[in-house]
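Shown next, in structure tokens, is the structure this report addresses.
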Amino acid sequence: MRGDGTEQPPRLLGISGSLRKASRNTALVLEAVRAFGPCRFEMADLRLPLYDGDLEDAEGIPASVATLADQMRAADAVVISTPEYNKNLPGVLKNALDWASRTKPAPLAGKPVAIVSAAAGRAGGERSQFSLRHCLTPFNPRVLQGPEIMVANAGNAFDEDGHLLDPKSFEFLTTLMNALSAEITRARLEA
């Protein structure tokens with residue numbers, strides 16, 4: 001709450017599992033934000049060093065990792081979009097999770113998380129979503145179960161402004177974001 005008794009718009013953290021400049025997964029995160037509506041949005045930066053226990057022992061948690069973990073903790077909810085690389089989530093996303101797991105307090109514990117994916121294949125990242133759900137288990141977030149958003153043939157699924165071409169896909173995405181908003185409301189009421 002602000003000093004005037006009104007609630008701040010929710011803080012939403014976007015995580016794209018792709019580092020590409022023209023990433024369709026980054027576009028999908030931004031579409032999720034558009035579907036979500038008014039919020040305070042931040043996009044995570046996954047350009048992190050590779051996890052190395054010796055580096056952690058010698059230098060501690062890198063500043064870029066601490067920033068990511070702080071963003072996770074500060075967010076009311078998280079949207080993660082994962083591409084599918086060789087039938088799995090990309091290494092950059094797994095690396096970010098491995099680093100985040102080394103920070104305290106646990107950055108995603110109890111946090112509402114929506115998972116979406118965009119991939120070149122016809123399944124739209126189905127296997128990478130499954131892998132990501134598995135990798136999130138130790139973090140104990142509240143992962144939304146659906147609707148599942150898997151954008152297939154991602155190279156042709158967005159217009160030049162980064163908006164989904166298929167209205168039904170955006171409708172499903174809006175349903176998922178409404179569910180994420182409801183989870184935020186529920187968490188605020190429980191607090």
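Letters A, B, ... mark the chains of the structure tokens in the order given; residue numbers begin at 1 per chain; ligand numbers begin at 1, in order shown.
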Note to self: Applying 10 Å and only C-alpha atoms, which residues near A:Pro9 remain after dropping the ones on its own chain fewer than 4 positions away? List them as a list in words.
What the structure shows: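 Within the cut-off, the hits are Met1, Gly37, Pro38, Cys39, Arg40, Phe41 and Asp76 of chain A.
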Would you mind exporting the chosen residues as a PDB file, in the first residue's frame, restricted to N, CA, C and O atoms?
ATOM      1  N   MET A   1       0.832  -1.180   0.000  1.00  0.00           N
ATOM      2  CA  MET A   1       0.000   0.000   0.000  1.00  0.00           C
ATOM      3  C   MET A   1       0.879   1.247   0.000  1.00  0.00           C
ATOM      4  O   MET A   1       1.933   1.267   0.590  1.00  0.00           O
ATOM      5  N   GLY A  37      -2.000  -6.185 -18.160  1.00  0.00           N
ATOM      6  CA  GLY A  37      -2.537  -4.859 -17.859  1.00  0.00           C
ATOM      7  C   GLY A  37      -1.589  -4.064 -16.987  1.00  0.00           C
ATOM      8  O   GLY A  37      -0.407  -4.386 -16.879  1.00  0.00           O
ATOM      9  N   PRO A  38      -2.100  -3.019 -16.345  1.00  0.00           N
ATOM     10  CA  PRO A  38      -1.234  -2.116 -15.574  1.00  0.00           C
ATOM     11  C   PRO A  38      -0.415  -2.864 -14.523  1.00  0.00           C
ATOM     12  O   PRO A  38      -0.949  -3.636 -13.731  1.00  0.00           O
ATOM     13  N   CYS A  39       0.887  -2.615 -14.554  1.00  0.00           N
ATOM     14  CA  CYS A  39       1.801  -3.225 -13.594  1.00  0.00           C
ATOM     15  C   CYS A  39       3.117  -2.474 -13.636  1.00  0.00           C
ATOM     16  O   CYS A  39       3.350  -1.661 -14.525  1.00  0.00           O
ATOM     17  N   ARG A  40       3.961  -2.756 -12.669  1.00  0.00           N
ATOM     18  CA  ARG A  40       5.330  -2.261 -12.669  1.00  0.00           C
ATOM     19  C   ARG A  40       6.177  -3.420 -13.173  1.00  0.00           C
ATOM     20  O   ARG A  40       6.350  -4.406 -12.467  1.00  0.00           O
ATOM     21  N   PHE A  41       6.670  -3.294 -14.395  1.00  0.00           N
ATOM     22  CA  PHE A  41       7.325  -4.416 -15.072  1.00  0.00           C
ATOM     23  C   PHE A  41       8.831  -4.218 -15.148  1.00  0.00           C
ATOM     24  O   PHE A  41       9.323  -3.129 -15.416  1.00  0.00           O
ATOM     25  N   ASP A  76       5.842  -9.404  -7.426  1.00  0.00           N
ATOM     26  CA  ASP A  76       4.619 -10.050  -6.933  1.00  0.00           C
ATOM     27  C   ASP A  76       4.363 -11.344  -7.695  1.00  0.00           C
ATOM     28  O   ASP A  76       3.718 -12.247  -7.174  1.00  0.00           O
TER      29      ASP A  76
END
Next item on the list: Please identify all polymer residues within 9 Å of A:Arg47, counting only C-alpha atoms, omitting same-chain residues fewer than 2 positions from it, and present them as a list of chain:residue names.
Entry: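 Counting only C-alpha atoms, the residues come to A:Leu19, A:Asp45, A:Pro49, A:Ser64, A:Val92, A:Ala96.
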Note to self: With only C-alpha atoms as the counted atoms, please give the residues lying no more than 10 Å from stretch 122-129 of chain A, apart from itself and same-chain residues fewer than 4 positions off, as a list in words.
What the structure shows: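 That gives Ile80, Ser81, Thr82, Pro83, Glu84, Tyr85, Asn86, Lys87, Asn88, Leu89, Pro90, Ile115, Val116, Ser117, Ala118, Arg133, His134, Cys135, Glu148, Ile149, Met150, Val151, Ala152, Asn153 and Ala154 of chain A.
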File of the preceding selection, N, CA and C atoms, as a tab-separated table (two decimals), in the first residue's frame:
chain	number	residue	atom	x	y	z
A	80	ILE	N	7.79	-16.50	-17.06
A	80	ILE	CA	8.99	-17.07	-17.69
A	80	ILE	C	8.60	-17.62	-19.05
A	81	SER	N	9.31	-17.18	-20.08
A	81	SER	CA	9.11	-17.71	-21.42
A	81	SER	C	10.36	-18.46	-21.84
A	82	THR	N	10.17	-19.72	-22.22
A	82	THR	CA	11.31	-20.55	-22.56
A	82	THR	C	11.25	-21.03	-24.01
A	83	PRO	N	12.34	-20.87	-24.74
A	83	PRO	CA	12.43	-21.55	-26.03
A	83	PRO	C	12.70	-23.03	-25.77
A	84	GLU	N	12.76	-23.79	-26.84
A	84	GLU	CA	13.10	-25.20	-26.72
A	84	GLU	C	14.35	-25.46	-27.55
A	85	TYR	N	15.42	-25.83	-26.87
A	85	TYR	CA	16.69	-26.15	-27.52
A	85	TYR	C	16.93	-27.64	-27.35
A	86	ASN	N	16.96	-28.37	-28.45
A	86	ASN	CA	17.22	-29.81	-28.41
A	86	ASN	C	16.32	-30.53	-27.41
A	87	LYS	N	15.03	-30.18	-27.47
A	87	LYS	CA	13.98	-30.83	-26.68
A	87	LYS	C	14.07	-30.53	-25.18
A	88	ASN	N	14.67	-29.38	-24.84
A	88	ASN	CA	14.83	-29.04	-23.43
A	88	ASN	C	14.88	-27.53	-23.27
A	89	LEU	N	14.88	-27.07	-22.02
A	89	LEU	CA	15.03	-25.64	-21.78
A	89	LEU	C	16.46	-25.23	-22.11
A	90	PRO	N	16.69	-23.96	-22.43
A	90	PRO	CA	18.03	-23.53	-22.79
A	90	PRO	C	18.95	-23.44	-21.58
A	115	ILE	N	4.28	-19.86	-16.81
A	115	ILE	CA	5.24	-20.34	-17.80
A	115	ILE	C	4.59	-20.31	-19.18
A	116	VAL	N	5.32	-19.75	-20.13
A	116	VAL	CA	4.89	-19.72	-21.53
A	116	VAL	C	6.09	-20.12	-22.38
A	117	SER	N	5.85	-20.42	-23.65
A	117	SER	CA	6.97	-20.77	-24.52
A	117	SER	C	6.65	-20.44	-25.97
A	118	ALA	N	7.71	-20.18	-26.71
A	118	ALA	CA	7.63	-19.98	-28.15
A	118	ALA	C	8.79	-20.74	-28.77
A	133	ARG	N	9.27	-26.73	-15.54
A	133	ARG	CA	8.46	-27.03	-14.35
A	133	ARG	C	9.25	-27.93	-13.39
A	134	HIS	N	9.94	-28.91	-13.94
A	134	HIS	CA	10.75	-29.81	-13.12
A	134	HIS	C	11.89	-29.03	-12.43
A	135	CYS	N	12.56	-28.16	-13.17
A	135	CYS	CA	13.68	-27.39	-12.61
A	135	CYS	C	13.23	-26.40	-11.54
A	148	GLU	N	-2.15	-23.63	-20.87
A	148	GLU	CA	-0.78	-23.74	-21.37
A	148	GLU	C	-0.64	-22.88	-22.62
A	149	ILE	N	0.39	-22.06	-22.63
A	149	ILE	CA	0.66	-21.18	-23.78
A	149	ILE	C	1.93	-21.68	-24.44
A	150	MET	N	1.77	-22.28	-25.63
A	150	MET	CA	2.89	-22.80	-26.39
A	150	MET	C	2.74	-22.31	-27.82
A	151	VAL	N	3.54	-21.33	-28.17
A	151	VAL	CA	3.45	-20.72	-29.50
A	151	VAL	C	4.35	-21.49	-30.46
A	152	ALA	N	3.72	-22.21	-31.37
A	152	ALA	CA	4.44	-22.99	-32.37
A	152	ALA	C	4.79	-22.11	-33.57
A	153	ASN	N	5.74	-22.59	-34.37
A	153	ASN	CA	6.14	-21.85	-35.57
A	153	ASN	C	6.35	-20.37	-35.23
A	154	ALA	N	7.11	-20.15	-34.15
A	154	ALA	CA	7.24	-18.82	-33.56
A	154	ALA	C	7.74	-17.75	-34.52
